[in-house]
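Below is one structure, written out as structure tokens; the observations come after it.
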2 protein chains.
Amino acid sequence: MMQTMELSAPGSIVPTYPLFIGSGILPQISEAIPKAFASYHPFLITDANLLKHGHAARMNVDPASMFIIDPPGESSKHIETVAKILNALDEKGFGRDTIILALGGGTVGDIAGFAASVFKRGVPVLQIPTTTVAQADSAIGGKTGVNSDGSKNAIGTFWNPCAILVDVDTLKTLDERHYVAGLAESLKHALIADASYLDWIQENVEAIKCREPKALLALAQRNAFIKGTIVERDPYERSGLRFVLNFGHTIGHAIETASDFRILHGEAVALGMLGALSLGAMMKVTPEPLTERTARLLRALGLPDALPEALSADDLVGVMAKDKKNVEGRIRFVLLSDIGDIYAPENAFAHPVERSMIVDACSTLK
Amino acid sequence: MMQTMELSAPGSIVPTYPLFIGSGILPQISEAIPKAFASYHPFLITDANLLKHGHAARMNVDPASMFIIDPPGESSKHIETVAKILNALDEKGFGRDTIILALGGGTVGDIAGFAASVFKRGVPVLQIPTTTVAQADSAIGGKTGVNSDGSKNAIGTFWNPCAILVDVDTLKTLDERHYVAGLAESLKHALIADASYLDWIQENVEAIKCREPKALLALAQRNAFIKGTIVERDPYERSGLRFVLNFGHTIGHAIETASDFRILHGEAVALGMLGALSLGAMMKVTPEPLTERTARLLRALGLPDALPEALSADDLVGVMAKDKKNVEGRIRFVLLSDIGDIYAPENAFAHPVERSMIVDACSTLK
């Protein structure tokens, strides 16, 4: 069974694209691609993990038309990898009639999407996210990018895929820690956009933990709808609305950095959301009980609800002070008025907060 | 005195942008930039030639906010230069509120435009072309790019500038050979789009050769109008119309390559246009006398009208056969029905031609 949604890509050459969601649909998809894109030559970009787990083989692509990112993960996410991909495409005689198939997690999607956007001034890319983070979040919204020597995602483009294909079966081979960490982005979508989605997650914790296909399909659909709707209204991060997707990320990024990336992005965002809820409660913006309800849900899902011993609130604020998203040196937060209700006086979605108050909020995570 | 035109950029975030044309307007422009882009931090990308001739100093930019491409020219046009620029921006603390000033010829514009399009997922770029080629052609139309190890412009984006500033005074310091070579693109615009423009060039050969500001201003204006109108109708090279800008380039690129780039792009295009006119005449598509009229005009401007001894027609066709613009292995040409009148049966702008006929056409250039 396959579900289809239409996502919006204002300002792109093709203004909408389809998202296909199903369980075990990779073989069916790989058969359909040569017909659907008959005048294009497919080139698969994936990583060593996906190869190991057999997902790459399911794509039915000639090994000569593949690029395997190795080592997988963040350490390969730089412009040299992109240069290697582009030279490989060129050497193998690929031209403007190339379609890039990006099979993998966030890193693969970001690198492959960026490579597609700059090869021959842009060729189509089909995003096939295979992790909870990528399916819930990074594959949707058109952001591509790699890190510079000094900054995350400093080099990139907005380049929407020609389609997104979500096969929830690919999540089966994901290790438990990464699987669970990625659920934090689903929780984020529920908190910023949809109280009924939060209720649904709470009622389906067991099914989600057991990776039941029905639950995974529902997650994929609701995440795509929520993120797709926000991105449609602010595709290039110009109105500020898209910033609400950073809920939990102000403290979250600081935790990732301060822990030297030993704490995964999703785990850090989970803690960051708790911190932002506490902060909202202190500021009398967010209802008090929401922090505890979220903490219970995090624990139920297997996500952390407290900082490791080694990280202090002061350390975190020190890191936040260096964040490039700060404006005029002030650290900014997305706050909630309630579940699904962003605090947005005068249409501002990002709120500068005093340093001492942030320290207090981070201290509640100890 | 400064003239202004509005150019169209369909599909871009800002759908139109201004082109300013004047003589000696660089100082005036550099004063206006900080006011016009008050919330942006300017970063100048230029090359060692522009620095030497004092044009870079006229921009009034802090040397810490500059990147000098060195050596100037094609040999620096690769992704490593872009990576260096992006890392420099990042290290110096530039962020999303950067405006790139691209001061130079085609290479500087292509590299800087590409860097702007991928820094922080795209920052504005102000193109300030300083050569006849860049002012007539490459600064207009939103194409950016660098070469891969194997192909020219294999890596790039469509990224329209926020404005183009043409100061014809910058042409004064251009050496005679490069100055004259760049005039070929003006001739191309006249041939494909405007018989009265061809007459005007013919009547003003002396003024153009002497680099009289009034003539240079008129050239800049007419080129921008012609190229701008074509690009507006086919901004992403999808309808095929934009291919008409390749008039003279099928043979031209082959001459450049076969001569190991000893023949300049404009010189090669001049010869390529003659070849395409001969070819059209042989096919009874193009009026016979147009070839001789064009050859006379090329000679008057100081452009070549014959191939060097060392290059044979067979060599050229061998190179053309490898061109990536070929479709199903067939070499394709833009042909003229008359001046300003593209031969386009059934709306096709590119016509496959038999190899033997191309050899014959190239032989007329001996």
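Every chain in the structure tokens takes a letter, A first, then B, and so on in the order presented; its residues are numbered from 1, and the ligands are numbered from 1 following the presented order.
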
Counting only C-alpha atoms, what is within 6 Å of segment 120-124 of chain A, bar same-chain residues fewer than 4 positions away, as a tab-separated table (two decimals) with N, CA and C atoms, in the first residue's frame?
chain	number	residue	atom	x	y	z
A	96	ARG	N	23.25	16.69	-18.22
A	96	ARG	CA	22.10	17.40	-17.66
A	96	ARG	C	20.88	16.51	-17.51
A	99	ILE	N	19.36	12.06	-13.05
A	99	ILE	CA	18.53	12.21	-11.86
A	99	ILE	C	19.29	11.55	-10.72
A	116	ALA	N	23.28	17.66	-6.40
A	116	ALA	CA	22.28	17.76	-7.49
A	116	ALA	C	22.03	19.21	-7.86
A	162	CYS	N	12.46	16.32	-6.68
A	162	CYS	CA	11.36	16.12	-7.62
A	162	CYS	C	10.34	15.16	-7.00
B	154	ALA	N	30.88	22.73	-15.41
B	154	ALA	CA	30.11	21.53	-15.02
B	154	ALA	C	29.43	21.72	-13.67
B	155	ILE	N	29.95	22.67	-12.89
B	155	ILE	CA	29.45	22.87	-11.53
B	155	ILE	C	28.97	24.30	-11.41
B	156	GLY	N	27.69	24.50	-11.12
B	156	GLY	CA	27.21	25.87	-11.04
B	156	GLY	C	25.75	25.95	-10.68
B	157	THR	N	25.24	27.17	-10.75
B	157	THR	CA	23.85	27.42	-10.39
B	157	THR	C	23.29	28.49	-11.31

Each residue of chain B lying at most 8 Å from chain A should get a row with its shortest atom-to-atom pair and the distance in Å to one decimal, counting only C-alpha atoms; could you produce that, ordered by chain and increasing number, as CSV?
residue,atom,partner,partner_atom,distance
B:Gly11,CA,A:Gly11,CA,5.6
B:Ser12,CA,A:Gly11,CA,6.8
B:Ile13,CA,A:Gly11,CA,6.9
B:Ile79,CA,A:Ala83,CA,7.1
B:Ala83,CA,A:Ile79,CA,7.0
B:Leu86,CA,A:Ser148,CA,7.4
B:Asn87,CA,A:Ser148,CA,6.2
B:Asp90,CA,A:Gly150,CA,6.8
B:Glu91,CA,A:Gly150,CA,6.9
B:Gly95,CA,A:Lys324,CA,7.6
B:Ser117,CA,A:Thr157,CA,7.1
B:Val118,CA,A:Gly156,CA,4.8
B:Phe119,CA,A:Ile155,CA,4.9
B:Lys120,CA,A:Ala154,CA,4.9
B:Arg121,CA,A:Thr157,CA,4.1
B:Gly122,CA,A:Thr157,CA,6.4
B:Lys143,CA,A:Arg121,CA,7.9
B:Thr144,CA,A:Arg121,CA,7.8
B:Gly145,CA,A:Arg121,CA,7.5
B:Ser148,CA,A:Asn87,CA,6.1
B:Asp149,CA,A:Asn87,CA,6.5
B:Gly150,CA,A:Asp90,CA,6.7
B:Ser151,CA,A:Asp90,CA,7.3
B:Asn153,CA,A:Lys120,CA,7.1
B:Ala154,CA,A:Lys120,CA,4.9
B:Ile155,CA,A:Phe119,CA,4.9
B:Gly156,CA,A:Arg121,CA,4.5
B:Thr157,CA,A:Arg121,CA,4.1
B:Phe158,CA,A:Arg121,CA,6.2
B:Lys324,CA,A:Gly95,CA,7.4

Q: Using atom CA of Tyr343 of chain B and atom CA of Ile230 of chain B as the two end points, give the distance in Å to one decimal.
A: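 These atoms are spaced 15.3 Å apart.
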
Q | Contact residues around Ala207 of chain A with only C-alpha atoms at 12 Å, ignoring same-chain residues under 4 positions, as a PyMOL selection string | A | chain A and resi 200-203+211-219+300-301

Q. Between atom CA of Asp97 of chain A and atom CA of Met2 of chain A, what is the distance, to one decimal in Å?
A.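 Here the two named atoms are 27.5 Å from each other.
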
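For Lys77 of chain A, the non-local neighbours within 7 Å, defined as residues at least 2 positions apart in the same chain or in other chains and counting only C-alpha atoms, are A:Glu74, A:Ser75, A:Thr81, A:Thr107, A:Ile111, A:Val146, A:Asn147.
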
How would the residues just picked look written out with N, CA and C atoms as a tab-separated table (two decimals), in the first residue's frame?
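After the write, result-v1.tsv holds the following:
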chain	number	residue	atom	x	y	z
A	74	GLU	N	28.54	12.64	9.62
A	74	GLU	CA	28.95	14.05	9.64
A	74	GLU	C	30.38	14.30	9.15
A	75	SER	N	31.29	13.37	9.42
A	75	SER	CA	32.70	13.64	9.09
A	75	SER	C	32.92	13.71	7.57
A	81	THR	N	33.79	16.12	-0.41
A	81	THR	CA	32.94	14.98	-0.82
A	81	THR	C	32.07	15.38	-2.01
A	107	THR	N	22.58	13.13	6.45
A	107	THR	CA	23.85	13.50	5.83
A	107	THR	C	23.84	13.20	4.34
A	111	ILE	N	24.09	16.11	1.43
A	111	ILE	CA	25.21	16.11	0.48
A	111	ILE	C	24.70	15.89	-0.95
A	146	VAL	N	26.51	21.38	3.17
A	146	VAL	CA	27.63	20.72	3.82
A	146	VAL	C	28.27	21.73	4.78
A	147	ASN	N	29.17	21.23	5.63
A	147	ASN	CA	29.82	22.10	6.61
A	147	ASN	C	31.05	22.76	6.00

Q. Could you pull the residues within 10 Å of segment 60-62 of chain B, counting only C-alpha atoms, minus those fewer than 2 positions along the same chain, as a VMD selection string?
A. chain B and resid 26 to 27 29 to 31 42 to 44 55 to 58 64 to 66 101

Store the residues picked out above in a file with C-alpha atoms, as a tab-separated table (two decimals), in the first residue's frame.
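See out06.tsv below for the written result:
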chain	number	residue	atom	x	y	z
B	26	LEU	CA	32.55	53.14	-9.85
B	27	PRO	CA	33.34	55.66	-7.06
B	29	ILE	CA	28.50	53.29	-6.91
B	30	SER	CA	30.82	52.28	-4.11
B	31	GLU	CA	29.54	55.16	-2.05
B	42	PRO	CA	29.94	43.84	1.65
B	43	PHE	CA	32.62	41.34	0.67
B	44	LEU	CA	34.58	42.03	-2.52
B	55	HIS	CA	39.81	49.28	-9.91
B	56	ALA	CA	39.54	47.26	-6.70
B	57	ALA	CA	40.74	50.25	-4.66
B	58	ARG	CA	37.97	52.35	-6.18
B	64	ALA	CA	40.04	42.39	5.23
B	65	SER	CA	36.72	42.01	3.37
B	66	MET	CA	38.29	41.05	0.04
B	101	LEU	CA	30.56	42.39	-4.85

Q.
I'd like the contact shell of segment 329-332 of chain A - 12 Å cut-off, only C-alpha atoms, skipping same-chain residues fewer than 5 positions apart - returned as number ranges by chain.
A. A: 243-244, 246-251, 254, 276, 279, 316-324, 348-359

Write the residues of the preceding selection, restricted to C-alpha atoms, as a PDB file, in the first residue's frame.
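What landed in out_24.pdb:
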ATOM      1  CA  PHE A 243      12.246  29.690  12.455  1.00  0.00           C
ATOM      2  CA  VAL A 244       9.544  27.936  14.548  1.00  0.00           C
ATOM      3  CA  ASN A 246      13.983  25.618  15.566  1.00  0.00           C
ATOM      4  CA  PHE A 247      11.863  24.970  18.666  1.00  0.00           C
ATOM      5  CA  GLY A 248      14.163  23.149  21.091  1.00  0.00           C
ATOM      6  CA  HIS A 249      17.185  23.816  18.898  1.00  0.00           C
ATOM      7  CA  THR A 250      18.672  26.860  20.679  1.00  0.00           C
ATOM      8  CA  ILE A 251      19.613  24.802  23.728  1.00  0.00           C
ATOM      9  CA  ALA A 254      24.512  24.007  22.422  1.00  0.00           C
ATOM     10  CA  ALA A 276      12.398  25.901  26.165  1.00  0.00           C
ATOM     11  CA  LEU A 279      11.842  28.866  30.074  1.00  0.00           C
ATOM     12  CA  LEU A 316      25.646  25.642  27.542  1.00  0.00           C
ATOM     13  CA  VAL A 317      24.911  29.352  27.716  1.00  0.00           C
ATOM     14  CA  GLY A 318      28.547  30.009  26.842  1.00  0.00           C
ATOM     15  CA  VAL A 319      28.111  27.987  23.650  1.00  0.00           C
ATOM     16  CA  MET A 320      24.743  29.601  22.861  1.00  0.00           C
ATOM     17  CA  ALA A 321      26.304  33.049  23.085  1.00  0.00           C
ATOM     18  CA  LYS A 322      28.428  32.148  20.041  1.00  0.00           C
ATOM     19  CA  ASP A 323      25.469  30.933  17.932  1.00  0.00           C
ATOM     20  CA  LYS A 324      25.247  32.613  14.527  1.00  0.00           C
ATOM     21  CA  ALA A 348       7.769  37.645  15.974  1.00  0.00           C
ATOM     22  CA  PHE A 349       8.636  33.963  16.320  1.00  0.00           C
ATOM     23  CA  ALA A 350      12.081  34.325  17.923  1.00  0.00           C
ATOM     24  CA  HIS A 351      12.426  35.981  21.315  1.00  0.00           C
ATOM     25  CA  PRO A 352      15.618  37.313  22.886  1.00  0.00           C
ATOM     26  CA  VAL A 353      15.956  36.094  26.485  1.00  0.00           C
ATOM     27  CA  GLU A 354      18.223  37.307  29.304  1.00  0.00           C
ATOM     28  CA  ARG A 355      21.241  35.145  29.963  1.00  0.00           C
ATOM     29  CA  SER A 356      20.459  34.575  33.648  1.00  0.00           C
ATOM     30  CA  MET A 357      17.023  33.238  32.802  1.00  0.00           C
ATOM     31  CA  ILE A 358      18.500  30.813  30.245  1.00  0.00           C
ATOM     32  CA  VAL A 359      20.915  29.560  32.906  1.00  0.00           C
TER      33      VAL A 359
END

Q. Got a sec to tell me which of segment 161-298 of chain B DSSP assigns to helix (DSSP H, G or I), as a PyMOL selection string?
A. chain B and resi 168-173+176-193+195-203+205-209+213-233+241-246+249-258+265-282+289-298
